[in-house]
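Participant: To be precise about what I am sending: the file is called protein32.txt and holds compact mmCIF, C-alpha atoms.
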```
# COMPACT_ATOMS: atom_id res chain seq x y z
CA MET C 1 -66.36 -20.58 -54.72
CA GLU C 2 -68.15 -18.44 -52.15
CA PHE C 3 -67.53 -17.05 -48.69
CA ILE C 4 -70.51 -15.68 -46.76
CA TYR C 5 -70.17 -13.23 -43.91
CA ASP C 6 -72.89 -11.10 -42.30
CA ASP C 7 -75.27 -12.10 -45.12
CA HIS C 8 -72.83 -10.69 -47.70
CA THR C 9 -71.55 -13.05 -50.37
CA VAL C 10 -67.95 -12.83 -51.57
CA SER C 11 -67.19 -15.02 -54.56
CA TYR C 12 -63.68 -15.95 -55.61
CA ILE C 13 -61.63 -18.33 -57.70
CA LYS C 14 -58.49 -20.23 -56.81
CA PHE C 15 -55.71 -21.18 -59.20
CA GLY C 16 -51.97 -21.65 -59.37
CA LYS C 17 -49.72 -24.21 -57.68
CA GLY C 18 -47.15 -22.02 -55.98
CA PRO C 19 -46.04 -22.43 -52.35
CA ARG C 20 -47.05 -18.89 -51.38
CA SER C 21 -50.53 -17.35 -51.16
CA LEU C 22 -51.53 -14.35 -53.27
CA ILE C 23 -54.80 -12.48 -52.74
CA ALA C 24 -55.81 -10.59 -55.89
CA PHE C 25 -58.39 -7.85 -56.47
CA HIS C 26 -59.53 -6.83 -59.95
CA GLY C 27 -60.67 -3.47 -61.31
CA PHE C 28 -64.07 -1.95 -62.03
CA GLY C 29 -66.23 -3.84 -64.51
CA GLN C 30 -64.03 -6.95 -64.44
CA ASN C 31 -64.21 -10.19 -62.51
CA ALA C 32 -61.83 -12.46 -60.66
CA GLY C 33 -61.09 -14.46 -63.80
CA VAL C 34 -59.19 -11.57 -65.36
CA PHE C 35 -56.06 -12.66 -63.48
CA TYR C 36 -56.04 -15.90 -65.49
CA ASN C 37 -54.61 -13.69 -68.23
CA ILE C 38 -51.31 -13.39 -66.39
CA GLU C 39 -51.29 -16.82 -64.75
CA PRO C 40 -48.00 -17.73 -66.47
CA ALA C 41 -46.38 -14.86 -64.59
CA ILE C 42 -47.74 -15.75 -61.14
CA GLY C 43 -49.11 -19.32 -61.08
CA LYS C 44 -45.84 -21.15 -60.42
CA GLN C 45 -44.85 -19.02 -57.45
CA PHE C 46 -48.29 -18.45 -55.95
CA THR C 47 -51.55 -20.13 -55.15
CA VAL C 48 -53.88 -17.33 -56.16
CA TYR C 49 -57.15 -16.42 -54.45
CA SER C 50 -58.77 -13.95 -56.82
CA ILE C 51 -61.65 -12.07 -55.19
CA ASN C 52 -64.70 -10.64 -56.94
CA LEU C 53 -65.37 -7.14 -55.65
CA PHE C 54 -68.91 -6.33 -54.53
CA HIS C 55 -71.38 -5.73 -57.38
CA HIS C 56 -69.20 -7.88 -59.65
CA ALA C 57 -69.87 -11.49 -60.65
CA GLU C 58 -71.45 -13.28 -57.66
CA SER C 59 -70.18 -10.98 -54.89
CA ARG C 60 -73.22 -9.18 -53.57
CA TYR C 61 -74.93 -7.42 -50.71
CA PRO C 62 -77.94 -9.07 -49.02
CA THR C 63 -81.21 -8.18 -50.76
CA TYR C 64 -82.43 -6.16 -47.78
CA LYS C 65 -79.44 -3.79 -47.91
CA ASP C 66 -79.24 -0.63 -50.01
CA PRO C 67 -76.64 -1.44 -52.71
CA ASN C 68 -75.24 2.08 -52.43
CA THR C 69 -74.29 1.69 -48.77
CA PRO C 70 -70.56 2.31 -48.18
CA ILE C 71 -68.74 -0.49 -46.39
CA SER C 72 -66.42 0.62 -43.63
CA PRO C 73 -62.74 -0.35 -43.53
CA ALA C 74 -63.43 -2.12 -40.22
CA TRP C 75 -66.09 -4.35 -41.82
CA HIS C 76 -63.79 -5.14 -44.75
CA LEU C 77 -61.12 -6.21 -42.29
CA GLU C 78 -63.53 -8.42 -40.34
CA TRP C 79 -64.66 -10.51 -43.31
CA PHE C 80 -61.13 -10.67 -44.73
CA LYS C 81 -59.62 -12.03 -41.52
CA LEU C 82 -62.29 -14.71 -41.32
CA PHE C 83 -61.75 -15.58 -44.98
CA LEU C 84 -58.02 -16.00 -44.41
CA ALA C 85 -58.63 -18.15 -41.34
CA GLU C 86 -61.04 -20.41 -43.23
CA ALA C 87 -58.54 -20.77 -46.09
CA GLY C 88 -55.71 -21.50 -43.64
CA ILE C 89 -53.68 -18.51 -44.78
CA ASP C 90 -51.34 -16.75 -42.36
CA ARG C 91 -48.86 -14.78 -44.48
CA PHE C 92 -49.67 -13.72 -48.03
CA SER C 93 -48.96 -11.30 -50.86
CA LEU C 94 -51.38 -8.82 -52.37
CA MET C 95 -52.07 -8.00 -56.01
CA GLY C 96 -54.40 -5.21 -57.06
CA TYR C 97 -55.35 -3.75 -60.41
CA SER C 98 -56.94 -0.27 -60.64
CA LEU C 99 -59.72 -0.20 -57.98
CA GLY C 100 -58.29 -3.45 -56.64
CA GLY C 101 -55.06 -1.57 -56.00
CA ARG C 102 -56.87 0.68 -53.56
CA VAL C 103 -58.31 -2.36 -51.78
CA SER C 104 -54.84 -3.93 -51.60
CA LEU C 105 -53.32 -0.75 -50.17
CA MET C 106 -55.97 -0.68 -47.46
CA TYR C 107 -55.29 -4.27 -46.38
CA MET C 108 -51.56 -3.65 -46.44
CA GLN C 109 -52.05 -0.77 -44.01
CA GLN C 110 -54.42 -2.75 -41.79
CA MET C 111 -52.41 -5.98 -41.42
CA PRO C 112 -48.80 -5.29 -42.45
CA LYS C 113 -47.26 -8.05 -40.32
CA GLN C 114 -48.91 -10.68 -42.53
CA ILE C 115 -47.96 -9.17 -45.89
CA GLU C 116 -45.03 -10.80 -47.71
CA SER C 117 -45.11 -8.56 -50.80
CA MET C 118 -47.40 -6.34 -52.85
CA ILE C 119 -47.91 -6.09 -56.62
CA LEU C 120 -49.86 -3.10 -57.93
CA LEU C 121 -50.99 -2.64 -61.53
CA ALA C 122 -52.26 0.82 -62.55
CA PRO C 123 -53.40 1.20 -58.93
CA ASP C 124 -56.04 3.56 -57.67
CA GLY C 125 -55.54 4.92 -54.16
CA ILE C 126 -52.13 6.55 -54.50
CA LYS C 127 -53.02 9.87 -56.09
CA LYS C 128 -56.28 11.39 -54.86
CA SER C 129 -58.95 11.79 -57.55
CA PHE C 130 -60.82 15.08 -57.31
CA TRP C 131 -63.81 13.73 -59.24
CA TYR C 132 -64.12 10.53 -57.17
CA HIS C 133 -63.85 12.47 -53.93
CA TYR C 134 -66.41 15.04 -55.11
CA ALA C 135 -68.89 12.36 -56.24
CA THR C 136 -68.69 10.23 -53.08
CA GLN C 137 -67.65 12.53 -50.22
CA ASN C 138 -69.31 15.87 -51.03
CA ALA C 139 -73.08 16.30 -50.46
CA ARG C 140 -73.57 18.39 -53.60
CA GLY C 141 -71.36 16.04 -55.58
CA LYS C 142 -73.39 13.01 -54.46
CA LYS C 143 -76.61 14.63 -55.71
CA LEU C 144 -74.98 15.50 -59.02
CA PHE C 145 -73.60 11.97 -59.33
CA ASN C 146 -77.08 10.51 -58.74
CA ARG C 147 -78.59 12.85 -61.31
CA MET C 148 -75.91 11.91 -63.82
CA VAL C 149 -76.82 8.24 -63.48
CA GLU C 150 -80.46 9.02 -64.22
CA ARG C 151 -79.85 11.73 -66.85
CA PRO C 152 -76.44 11.24 -68.50
CA ASP C 153 -77.08 13.77 -71.29
CA LEU C 154 -75.99 16.62 -69.01
CA PHE C 155 -72.90 14.68 -67.98
CA PHE C 156 -71.87 14.02 -71.57
CA LYS C 157 -72.25 17.73 -72.34
CA LEU C 158 -70.04 18.51 -69.37
CA ILE C 159 -67.21 16.18 -70.36
CA ARG C 160 -67.36 17.47 -73.92
CA TYR C 161 -67.00 21.02 -72.58
CA LEU C 162 -64.07 19.95 -70.38
CA ARG C 163 -62.37 18.35 -73.37
CA ILE C 164 -62.87 21.47 -75.52
CA MET C 165 -61.42 23.59 -72.72
CA GLY C 166 -58.38 21.33 -72.52
CA ILE C 167 -59.17 20.16 -68.98
CA LEU C 168 -59.95 16.63 -70.15
CA SER C 169 -57.94 14.74 -72.76
CA LYS C 170 -59.61 13.24 -75.81
CA LYS C 171 -58.60 9.76 -74.64
CA MET C 172 -60.13 10.39 -71.21
CA GLU C 173 -63.35 11.67 -72.77
CA LYS C 174 -63.58 8.52 -74.88
CA PHE C 175 -62.88 6.30 -71.88
CA THR C 176 -65.47 8.10 -69.73
CA ARG C 177 -68.16 7.85 -72.40
CA ALA C 178 -67.52 4.11 -72.65
CA GLN C 179 -67.82 3.68 -68.88
CA PHE C 180 -71.18 5.50 -68.77
CA SER C 181 -72.53 4.26 -72.09
CA ASP C 182 -75.69 2.55 -70.86
CA ALA C 183 -78.01 2.63 -67.85
CA GLN C 184 -76.86 -0.70 -66.41
CA ARG C 185 -73.22 0.31 -66.53
CA ARG C 186 -73.94 3.72 -64.98
CA GLU C 187 -75.82 2.04 -62.15
CA LYS C 188 -72.86 -0.29 -61.53
CA VAL C 189 -70.51 2.70 -61.34
CA PHE C 190 -72.85 4.32 -58.81
CA HIS C 191 -73.04 1.17 -56.64
CA VAL C 192 -69.33 0.35 -56.76
CA TRP C 193 -68.07 3.89 -56.19
CA ASN C 194 -70.31 4.20 -53.13
CA ALA C 195 -69.52 0.72 -51.80
CA TYR C 196 -65.77 1.42 -51.72
CA SER C 197 -65.94 5.14 -50.98
CA GLN C 198 -64.60 4.78 -47.44
CA LEU C 199 -61.47 2.93 -48.50
CA LEU C 200 -59.09 5.88 -48.71
CA PRO C 201 -55.52 4.78 -48.02
CA ARG C 202 -53.11 7.62 -47.25
CA VAL C 203 -49.87 7.83 -49.18
CA SER C 204 -47.87 8.86 -46.11
CA VAL C 205 -49.13 5.81 -44.21
CA THR C 206 -48.46 3.56 -47.20
CA ARG C 207 -44.85 4.69 -47.45
CA GLN C 208 -44.32 4.47 -43.69
CA THR C 209 -45.82 0.96 -43.52
CA ILE C 210 -43.79 -0.37 -46.44
CA ARG C 211 -40.63 1.02 -44.89
CA GLU C 212 -41.32 -0.13 -41.33
CA TYR C 213 -42.34 -3.68 -42.26
CA ARG C 214 -39.94 -4.01 -45.20
CA ILE C 215 -42.66 -5.03 -47.66
CA PRO C 216 -41.24 -5.47 -51.18
CA THR C 217 -43.59 -3.66 -53.56
CA ILE C 218 -43.71 -3.65 -57.35
CA ILE C 219 -45.75 -1.09 -59.28
CA PHE C 220 -46.66 -1.38 -62.96
CA THR C 221 -48.16 1.56 -64.84
CA GLY C 222 -49.00 2.12 -68.50
CA LYS C 223 -47.13 4.71 -70.53
CA TYR C 224 -50.31 5.69 -72.39
CA ASP C 225 -52.81 5.27 -69.56
CA PRO C 226 -55.69 7.76 -70.11
CA VAL C 227 -57.16 7.12 -66.65
CA LEU C 228 -54.25 7.03 -64.26
CA ASN C 229 -51.38 9.48 -64.17
CA PRO C 230 -48.41 7.21 -65.02
CA GLN C 231 -46.22 9.28 -62.71
CA ILE C 232 -47.96 7.93 -59.61
CA GLY C 233 -45.11 5.46 -59.29
CA SER C 234 -42.74 8.28 -58.41
CA ILE C 235 -44.97 9.31 -55.51
CA LEU C 236 -44.17 6.08 -53.67
CA THR C 237 -40.69 5.25 -54.93
CA GLN C 238 -38.93 8.47 -53.98
CA GLY C 239 -36.23 7.54 -51.50
CA MET C 240 -37.47 3.94 -51.27
CA ASP C 241 -35.80 2.25 -54.24
CA ASP C 242 -34.65 -0.61 -52.04
CA LEU C 243 -38.25 -1.68 -51.35
CA ILE C 244 -40.38 -0.27 -54.18
CA ASN C 245 -39.75 -1.01 -57.84
CA TRP C 246 -41.69 0.94 -60.46
CA HIS C 247 -41.96 -0.25 -64.07
CA VAL C 248 -43.71 1.51 -66.95
CA LEU C 249 -45.17 -0.79 -69.62
CA ASP C 250 -45.73 0.21 -73.22
CA SER C 251 -49.50 0.10 -72.71
CA GLY C 252 -52.67 1.92 -71.77
CA HIS C 253 -54.71 1.28 -68.62
CA ASP C 254 -55.43 -2.41 -69.18
CA LEU C 255 -52.32 -4.12 -67.83
CA LEU C 256 -53.93 -7.55 -67.48
CA LYS C 257 -53.90 -8.51 -71.14
CA PRO C 258 -52.18 -11.86 -71.74
CA SER C 259 -49.66 -10.15 -74.03
CA TYR C 260 -48.18 -8.28 -71.05
CA CYS C 261 -47.11 -11.49 -69.30
CA ASP C 262 -43.81 -11.38 -71.16
CA ALA C 263 -43.13 -7.95 -69.65
CA ILE C 264 -44.46 -8.66 -66.16
CA TYR C 265 -42.84 -12.03 -65.49
CA PRO C 266 -39.16 -10.95 -65.83
CA VAL C 267 -39.74 -8.07 -63.39
CA LEU C 268 -41.40 -10.31 -60.81
CA SER C 269 -38.72 -12.96 -61.31
CA GLU C 270 -35.84 -10.53 -60.78
CA LYS C 271 -37.30 -8.31 -58.07
CA LEU C 272 -39.57 -10.66 -56.12
CA TYR C 273 -39.13 -14.37 -56.85
CA THR C 274 -35.37 -14.25 -56.31
CA ARG C 275 -36.03 -12.72 -52.90
CA PHE C 276 -38.37 -15.60 -52.08
CA ASP C 277 -35.72 -18.09 -53.21
CA THR C 278 -33.18 -16.44 -50.92
CA LEU C 279 -35.56 -16.77 -47.96
CA ASN C 280 -36.05 -20.46 -48.71
CA THR C 281 -32.33 -21.26 -48.70
```
Could the structure of this file be written out as structure tokens, please?
Facilitator:
Amino acid sequence: MEFIYDDHTVSYIKFGKGPRSLIAFHGFGQNAGVFYNIEPAIGKQFTVYSINLFHHAESRYPTYKDPNTPISPAWHLEWFKLFLAEAGIDRFSLMGYSLGGRVSLMYMQQMPKQIESMILLAPDGIKKSFWYHYATQNARGKKLFNRMVERPDLFFKLIRYLRIMGILSKKMEKFTRAQFSDAQRREKVFHVWNAYSQLLPRVSVTRQTIREYRIPTIIFTGKYDPVLNPQIGSILTQGMDDLINWHVLDSGHDLLKPSYCDAIYPVLSEKLYTRFDTLNT
């Protein structure tokens, strides 16, 4: 399925038979179908609209536009509101994995009155990444990032040096090499990082918004995640245990494997679905 706005194409899939709407955003290098993996945990409670991020699957910029152009938060809000109107959605929940977590946090801050709940899995956007900020916000970093895409040999030497110096873990070095393994993948990283570079939700605003609008939020992180600091959950939950539940899975970064349904469903059932049932009675 496709939604076209301002010559931009946003592709998405729809599944589930639940009475509530859930808008889901995947992580880098994935596609909307990845949420099928945990459909047993969400499909009975939600009708899911899983969105393909730009430069993934069929979501794309118009051919006349530079694919590295950042999209402003205001533009993201414009297309999203029209998408919701076309789908007949008023109130909804958000689910975001990794990069999709950052997108979800932005929408939560922009339209909190319409958010029923939020589910974050290994979310980006809570703890600021020095490397991401340097590569997309700093002039010198942008040039270095562009050079790295064209000549990755220097980059691989750098990450090896950082690992030897103890600045980078062996797992993170391995993960980074996999992400930048070939020219096509490096180009995708360049396009996607730039496209979403202006979506920078602030933790203080996130906490304030969740508290003010009483948005129940569940965060899942992986105990052995080489990419995301598993302690990011504590950044949001401190003093907000009544609204934010943080659960650490016995996993790495990929929390959308089908095998994790058995761990995710009981948490959602106890902390979120029972709340929905209470509202319905």
Participant: So which residues touch C:Asp7 within 9 Å, counting all atoms listed in the file, skipping near sequence neighbours fewer than 2 positions away, as a short mmCIF file (atom, residue, chain, number, x, y, z; two decimals) with C-alpha atoms, keeping the file's coordinate frame?
Facilitator:
```cif
data_model
loop_
_atom_site.label_atom_id
_atom_site.label_comp_id
_atom_site.auth_asym_id
_atom_site.auth_seq_id
_atom_site.Cartn_x
_atom_site.Cartn_y
_atom_site.Cartn_z
CA ILE C 4 -70.51 -15.68 -46.76
CA TYR C 5 -70.17 -13.23 -43.91
CA THR C 9 -71.55 -13.05 -50.37
CA TYR C 61 -74.93 -7.42 -50.71
CA PRO C 62 -77.94 -9.07 -49.02
#
```
Participant: How many Å separate atom CA of C:His26 from atom CA of C:Glu150?
Facilitator: 26.6 Å
Participant: For C:Tyr196, which residue out of C:Asn31, C:Asp277, C:Asp124, C:Asn37 is the nearest one, using only C-alpha atoms?
Facilitator: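 Closest to C:Tyr196 of all the choices is C:Asp124.
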Participant: Just checking: using only C-alpha atoms, which residue out of C:Arg163, C:Thr206, C:Leu121, C:Thr274 ends up closest to C:Gly252?
Facilitator: C:Leu121
Participant: With all atoms listed in the file as the atoms that count, which of C:Val192, C:Ile38, C:Val227, C:Leu158 lies nearest to C:Lys257?
Facilitator: C:Ile38
Participant: If we draw a sphere of 8 Å around (-56.1, -0.1, -56.4), which residues have at least one atom in it when counting only C-alpha atoms? Please report them as an MDAnalysis selection string.
Facilitator: chainID C and resid 27 96:105 120:126
Participant: Between atom CA of C:Ala263 and atom CA of C:Asn245, what distance in Å does the model show, to one decimal?
Facilitator: 14.1 Å
Participant: What is the atom CA of C:Gly166-atom CA of C:Ser197 distance in Å, reported with one decimal?
Facilitator: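 Between atom CA of C:Gly166 and atom CA of C:Ser197 the gap is 28.0 Å.
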Participant: Would you please work out which residue, of C:Lys14, C:His191, C:Arg151, C:Arg214, is nearest to C:Gly43 when using all atoms listed in the file?
Facilitator: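 Of C:Lys14, C:His191, C:Arg151, C:Arg214, the one nearest C:Gly43, counting all atoms listed in the file, is C:Lys14.
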Participant: Measuring between all atoms listed in the file, which one of C:Pro258, C:Pro40, C:Gly233, C:Pro201 shows the shortest distance to C:Thr221?
Facilitator: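 That would be C:Gly233, the residue with the smallest distance to C:Thr221.
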Participant: Taking all atoms listed in the file into account, name the residue in C:Leu272, C:Gln184, C:Leu249, C:Lys127 that is nearest to C:Leu228.
Facilitator: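 That would be C:Lys127, the residue with the smallest distance to C:Leu228.
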Participant: Identify, on the basis of all atoms listed in the file, every residue whose closest approach to C:Phe3 does not exceed 9 Å; exclude the query and any residue fewer than 4 positions from it along the same chain; express the result as a ChimeraX atom specification.
Facilitator: /C:8-12,79,83
Participant: Which polymer residues have any atom within 7 Å of an atom of C:Phe15, counting only C-alpha atoms, with same-chain residues fewer than 6 positions away left out, as a list of chain:residue names?
Facilitator: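 Here the answer would be C:Thr47, C:Val48, C:Tyr49.
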Participant: Which residues come within 7 Å of C:Ser93, counting all atoms listed in the file, excluding same-chain residues fewer than 5 positions away, as a ChimeraX atom specification?
Facilitator: /C:21-23,115-118
Participant: Taking only residues of stretch 159-206 of chain C that have an atom at most 6 Å from an atom of stretch 69-75 of chain C, what is each one's shortest atom pair and its distance in Å to one decimal, using all atoms listed in the file, in chain and number order, as JSON lines?
Facilitator:
```
{"residue": "C:Asn194", "atom": "CA", "partner": "C:Pro70", "partner_atom": "CA", "distance": 5.3}
{"residue": "C:Ala195", "atom": "CA", "partner": "C:Pro70", "partner_atom": "CA", "distance": 4.1}
{"residue": "C:Gln198", "atom": "CA", "partner": "C:Ser72", "partner_atom": "CA", "distance": 5.9}
```
Participant: Using C-alpha atoms, can you export the residues from the last selection as a PDB file, keeping the file's coordinate frame?
Facilitator:
```pdb
ATOM      1  CA  ASN C 194     -70.310   4.200 -53.130  1.00  0.00           C
ATOM      2  CA  ALA C 195     -69.520   0.720 -51.800  1.00  0.00           C
ATOM      3  CA  GLN C 198     -64.600   4.780 -47.440  1.00  0.00           C
TER       4      GLN C 198
END
```
